[in-house]
>>> print(open('upload04.cif').read())   # mmCIF, C-alpha atoms
data_input
#
loop_
_atom_site.label_atom_id
_atom_site.label_comp_id
_atom_site.auth_asym_id
_atom_site.auth_seq_id
_atom_site.Cartn_x
_atom_site.Cartn_y
_atom_site.Cartn_z
CA MET A 1 126.11 -25.30 -14.75
CA ASP A 2 125.68 -28.03 -12.12
CA ASP A 3 123.34 -27.66 -9.14
CA LYS A 4 126.11 -27.16 -6.56
CA LEU A 5 127.76 -24.38 -8.57
CA ALA A 6 124.36 -22.75 -9.03
CA LYS A 7 123.79 -22.94 -5.26
CA ILE A 8 127.18 -21.29 -4.60
CA ASN A 9 126.46 -18.54 -7.14
CA ASP A 10 123.01 -17.92 -5.64
CA HIS A 11 124.56 -17.72 -2.18
CA LEU A 12 127.24 -15.32 -3.39
CA ALA A 13 124.64 -13.09 -4.99
CA SER A 14 122.47 -12.97 -1.88
CA ARG A 15 124.92 -13.03 1.02
CA THR A 16 128.17 -11.31 0.17
CA PHE A 17 129.13 -7.70 0.04
CA LEU A 18 130.83 -5.89 -2.81
CA VAL A 19 133.65 -3.64 -1.71
CA GLY A 20 134.90 -1.93 -4.84
CA ASN A 21 135.52 -4.79 -7.27
CA ASP A 22 136.39 -7.18 -4.45
CA LEU A 23 134.02 -9.98 -3.54
CA THR A 24 134.05 -10.51 0.23
CA LEU A 25 133.78 -14.16 1.21
CA ALA A 26 134.41 -14.36 4.95
CA ASP A 27 130.76 -15.18 5.57
CA LEU A 28 131.14 -18.44 3.65
CA VAL A 29 133.16 -20.24 6.29
CA VAL A 30 132.02 -21.48 9.69
CA PHE A 31 134.76 -21.15 12.27
CA GLY A 32 133.84 -23.45 15.14
CA VAL A 33 135.44 -23.13 18.56
CA THR A 34 136.59 -26.57 19.59
CA HIS A 35 138.66 -28.69 21.93
CA ALA A 36 141.21 -31.21 20.61
CA ALA A 37 140.41 -34.24 22.74
CA THR A 38 142.37 -37.01 21.04
CA VAL A 39 145.49 -36.60 18.93
CA GLY A 40 147.57 -39.28 17.25
CA ARG A 41 149.88 -39.77 14.30
CA HIS A 42 148.38 -40.49 10.90
CA PRO A 43 148.93 -44.18 9.99
CA ASN A 44 150.01 -43.33 6.42
CA ALA A 45 151.80 -39.96 6.74
CA ASP A 46 154.60 -38.91 9.09
CA ALA A 47 153.75 -35.18 8.89
CA LEU A 48 150.04 -35.48 9.73
CA TYR A 49 148.01 -35.78 12.92
CA VAL A 50 144.61 -37.45 13.18
CA GLU A 51 142.59 -35.51 15.75
CA GLU A 52 139.21 -36.15 17.31
CA ILE A 53 137.89 -32.65 17.99
CA ASP A 54 134.79 -31.70 19.95
CA VAL A 55 132.93 -29.12 17.86
CA GLY A 56 129.80 -29.17 20.00
CA GLU A 57 128.05 -31.86 17.94
CA SER A 58 126.78 -35.26 19.11
CA ALA A 59 130.20 -36.84 18.42
CA PRO A 60 133.72 -35.46 17.93
CA ARG A 61 134.91 -34.80 14.36
CA GLN A 62 137.93 -36.50 12.89
CA ILE A 63 140.27 -33.86 11.45
CA ILE A 64 143.62 -34.35 9.75
CA SER A 65 146.21 -31.59 10.15
CA GLY A 66 149.79 -31.13 8.99
CA LEU A 67 151.08 -29.87 12.33
CA VAL A 68 153.47 -32.67 13.36
CA LYS A 69 156.67 -30.68 12.74
CA PHE A 70 155.26 -27.52 14.36
CA VAL A 71 153.27 -28.60 17.45
CA PRO A 72 154.24 -31.54 19.71
CA GLU A 73 151.54 -34.17 20.11
CA GLU A 74 151.31 -33.52 23.86
CA ALA A 75 150.71 -29.80 23.22
CA MET A 76 147.90 -30.55 20.75
CA ARG A 77 145.99 -32.62 23.32
CA GLY A 78 143.50 -30.44 25.15
CA LEU A 79 144.26 -27.42 22.98
CA ARG A 80 141.33 -25.10 22.23
CA VAL A 81 141.43 -24.39 18.51
CA LEU A 82 139.41 -22.82 15.73
CA VAL A 83 138.12 -25.22 13.08
CA VAL A 84 136.68 -24.56 9.64
CA CYS A 85 133.66 -26.83 10.07
CA ASN A 86 131.87 -26.54 6.75
CA LEU A 87 134.54 -27.91 4.44
CA LYS A 88 133.51 -30.80 2.26
CA PRO A 89 134.89 -33.98 3.88
CA ALA A 90 138.09 -35.11 2.18
CA LYS A 91 140.27 -38.18 2.28
CA MET A 92 143.89 -37.45 3.23
CA ARG A 93 146.17 -40.42 2.70
CA GLU A 94 143.25 -42.86 2.96
CA VAL A 95 141.82 -41.29 6.16
CA MET A 96 138.78 -38.98 6.13
CA SER A 97 138.99 -35.43 7.45
CA PHE A 98 135.87 -33.45 8.37
CA GLY A 99 137.30 -29.93 8.81
CA MET A 100 140.49 -27.92 9.10
CA VAL A 101 142.33 -26.48 12.11
CA LEU A 102 142.91 -22.78 11.46
CA CYS A 103 146.54 -21.73 12.04
CA ALA A 104 148.80 -18.70 11.84
CA SER A 105 152.04 -19.03 9.89
CA ASN A 106 155.00 -16.73 9.41
CA GLU A 107 156.16 -15.72 5.91
CA THR A 108 158.74 -18.52 5.62
CA HIS A 109 156.29 -21.11 6.97
CA ASP A 110 158.78 -22.38 9.54
CA GLN A 111 156.50 -21.32 12.42
CA VAL A 112 152.90 -22.57 12.37
CA VAL A 113 150.60 -22.43 15.40
CA PRO A 114 146.88 -23.12 15.80
CA VAL A 115 144.79 -20.02 16.44
CA ALA A 116 143.99 -19.88 20.19
CA VAL A 117 140.48 -19.51 21.59
CA PRO A 118 139.74 -17.59 24.81
CA GLU A 119 138.85 -19.60 27.91
CA GLY A 120 135.16 -20.00 28.61
CA VAL A 121 134.00 -20.11 24.99
CA PRO A 122 131.67 -23.12 24.58
CA ASN A 123 132.56 -25.79 22.04
CA GLY A 124 130.57 -25.31 18.86
CA GLU A 125 130.21 -21.55 19.15
CA ARG A 126 130.51 -19.84 15.78
CA CYS A 127 133.40 -17.41 15.63
CA ILE A 128 132.45 -14.27 13.72
CA VAL A 129 134.44 -11.75 11.77
CA GLU A 130 133.23 -8.26 12.61
CA GLY A 131 131.14 -6.92 9.75
CA TYR A 132 130.77 -10.30 8.03
CA GLU A 133 128.04 -12.07 10.01
CA ALA A 134 125.93 -13.42 7.11
CA ALA A 135 124.96 -17.10 7.07
CA PRO A 136 127.69 -19.41 5.76
CA LEU A 137 127.44 -21.95 2.98
CA GLU A 138 126.36 -25.36 4.20
CA GLU A 139 129.45 -26.89 2.59
CA VAL A 140 132.60 -25.38 1.07
CA ASN A 141 134.01 -27.53 -1.72
CA PRO A 142 137.83 -27.22 -1.93
CA LYS A 143 137.62 -27.69 -5.71
CA LYS A 144 135.76 -24.36 -5.96
CA LYS A 145 138.83 -22.54 -4.51
CA ILE A 146 136.70 -20.47 -2.12
CA LEU A 147 139.24 -20.61 0.72
CA GLU A 148 142.05 -19.68 -1.65
CA ARG A 149 140.12 -16.47 -2.35
CA LEU A 150 139.88 -15.76 1.40
CA PHE A 151 143.42 -16.56 2.53
CA PRO A 152 145.21 -13.54 0.99
CA ASP A 153 143.11 -11.27 3.23
CA MET A 154 143.46 -13.35 6.42
CA LYS A 155 146.38 -12.19 8.57
CA THR A 156 147.17 -11.54 12.20
CA ASN A 157 147.61 -7.91 13.14
CA SER A 158 150.65 -6.47 14.96
CA GLU A 159 149.29 -7.89 18.24
CA GLY A 160 148.78 -11.42 16.84
CA VAL A 161 144.98 -11.16 16.53
CA PRO A 162 143.62 -12.92 13.43
CA CYS A 163 141.74 -10.59 11.08
CA TYR A 164 140.02 -10.68 7.71
CA LYS A 165 140.70 -7.42 5.84
CA GLY A 166 141.47 -5.85 9.21
CA ALA A 167 138.24 -7.06 10.88
CA VAL A 168 138.87 -9.11 14.04
CA PHE A 169 137.84 -12.77 14.48
CA LYS A 170 135.68 -12.70 17.63
CA THR A 171 133.99 -15.05 20.08
CA SER A 172 131.59 -14.35 22.93
CA LYS A 173 134.63 -14.01 25.23
CA GLY A 174 136.70 -11.76 22.96
CA PRO A 175 139.02 -12.18 19.98
CA VAL A 176 140.93 -15.32 19.10
CA THR A 177 144.71 -14.90 19.23
CA SER A 178 148.06 -16.09 17.98
CA PRO A 179 151.61 -15.59 19.25
CA LEU A 180 152.62 -14.66 15.68
CA PRO A 181 152.15 -11.00 14.72
CA ASP A 182 151.72 -10.07 11.05
CA ALA A 183 151.33 -13.74 10.06
CA TRP A 184 149.17 -15.50 7.49
CA VAL A 185 146.04 -17.23 8.78
CA LYS A 186 145.19 -20.47 6.96
#
>>> encode(input="upload04.cif", output="structure tokens")
Amino acid sequence: MDDKLAKINDHLASRTFLVGNDLTLADLVVFGVTHAATVGRHPNADALYVEEIDVGESAPRQIISGLVKFVPEEAMRGLRVLVVCNLKPAKMREVMSFGMVLCASNETHDQVVPVAVPEGVPNGERCIVEGYEAAPLEEVNPKKKILERLFPDMKTNSEGVPCYKGAVFKTSKGPVTSPLPDAWVK
């Protein structure tokens, strides 16, 4: 077993909760409250944006998202969004991405909108999921399929509030929101 896999297994053993036979993983992802400052089209992909997003660090992060056909470029500029900040950096069509914008999507995936953050929440604040406040992994490797184990339990409720197994995603100024009720959160 390689060192990274051992580190993940140690983290899982020490920081997750067993609910029946279900391993709860919400504590493994950092959701950072951010502000999309710069948005442009990806030079090598018509369906992707390249965004410079302020996550409260010394410099904005470059993040690639597949939101071109769902959110106009003008609407993405200045939008306060939730970003998964501890993903392993990945190259998408020859351009590096250092996170993922969290979105809500209907069942047919013809409506996709970024999760909205309440006004007044500082950039870089960690969004918590009630009941799952343990320390996150330093880095989530997409090859380990950790997010894929989370996504089936991430949905908006009937009021459009993103939840993990029914527990609300919260900030210091209240829950994050979406205009899509009963939608998948990915």
>>> residues_around(input="upload04.cif", residues="A:Asn44", least_positions_apart="3", cutoff="10 Å", atoms="only C-alpha atoms", output="JSON, numbers by chain")
{"A": [41, 47, 48, 92, 93, 94, 95]}
>>> resolve_selection(input="upload04.cif", expression="the PyMOL selection byres ((chain A and resi 130) around 12)", output="list in words")
Ala26, Asp27, Cys127, Ile128, Val129, Gly131, Tyr132, Glu133, Ala134, Pro162, Cys163, Tyr164, Lys165, Gly166, Ala167, Val168, Phe169, Lys170, Thr171, Gly174 and Pro175 of chain A
>>> resolve_selection(input="upload04.cif", expression="the PyMOL selection byres ((chain A and resi 97) around 9)", output="PyMOL selection string")
chain A and resi 50+61-65+88-92+95-96+98-100
>>> residues_around(input="upload04.cif", residues="A:Glu119", least_positions_apart="2", cutoff="8 Å", atoms="only C-alpha atoms", output="PyMOL selection string")
chain A and resi 117+121+173
>>> residues_around(input="upload04.cif", residues="A:Leu79", least_positions_apart="4", cutoff="8 Å", atoms="all atoms listed in the file", output="PDB file with C-alpha atoms, in the frame of the given file")
ATOM      1  CA  HIS A  35     138.660 -28.690  21.930  1.00  0.00           C
ATOM      2  CA  ALA A  36     141.210 -31.210  20.610  1.00  0.00           C
ATOM      3  CA  ALA A  37     140.410 -34.240  22.740  1.00  0.00           C
ATOM      4  CA  ALA A  75     150.710 -29.800  23.220  1.00  0.00           C
TER       5      ALA A  75
END
>>> resolve_selection(input="upload04.cif", expression="the PyMOL selection byres ((chain A and resi 179) around 9)", output="PyMOL selection string")
chain A and resi 104+113+115-116+159-161+177-178+180-181
>>> axis_aligned_box(input="upload04.cif", around="stretch 134-146 of chain A", padding_each_side="3 Å", output="AutoDock Vina command-line options")
--center_x 131.9 --center_y -20.6 --center_z 0.6 --size_x 19.9 --size_y 20.3 --size_z 19.1
>>> residues_around(input="upload04.cif", residues="A:Glu139", least_positions_apart="2", cutoff="8 Å", atoms="all atoms listed in the file", output="ChimeraX atom specification")
/A:86-88,137,141
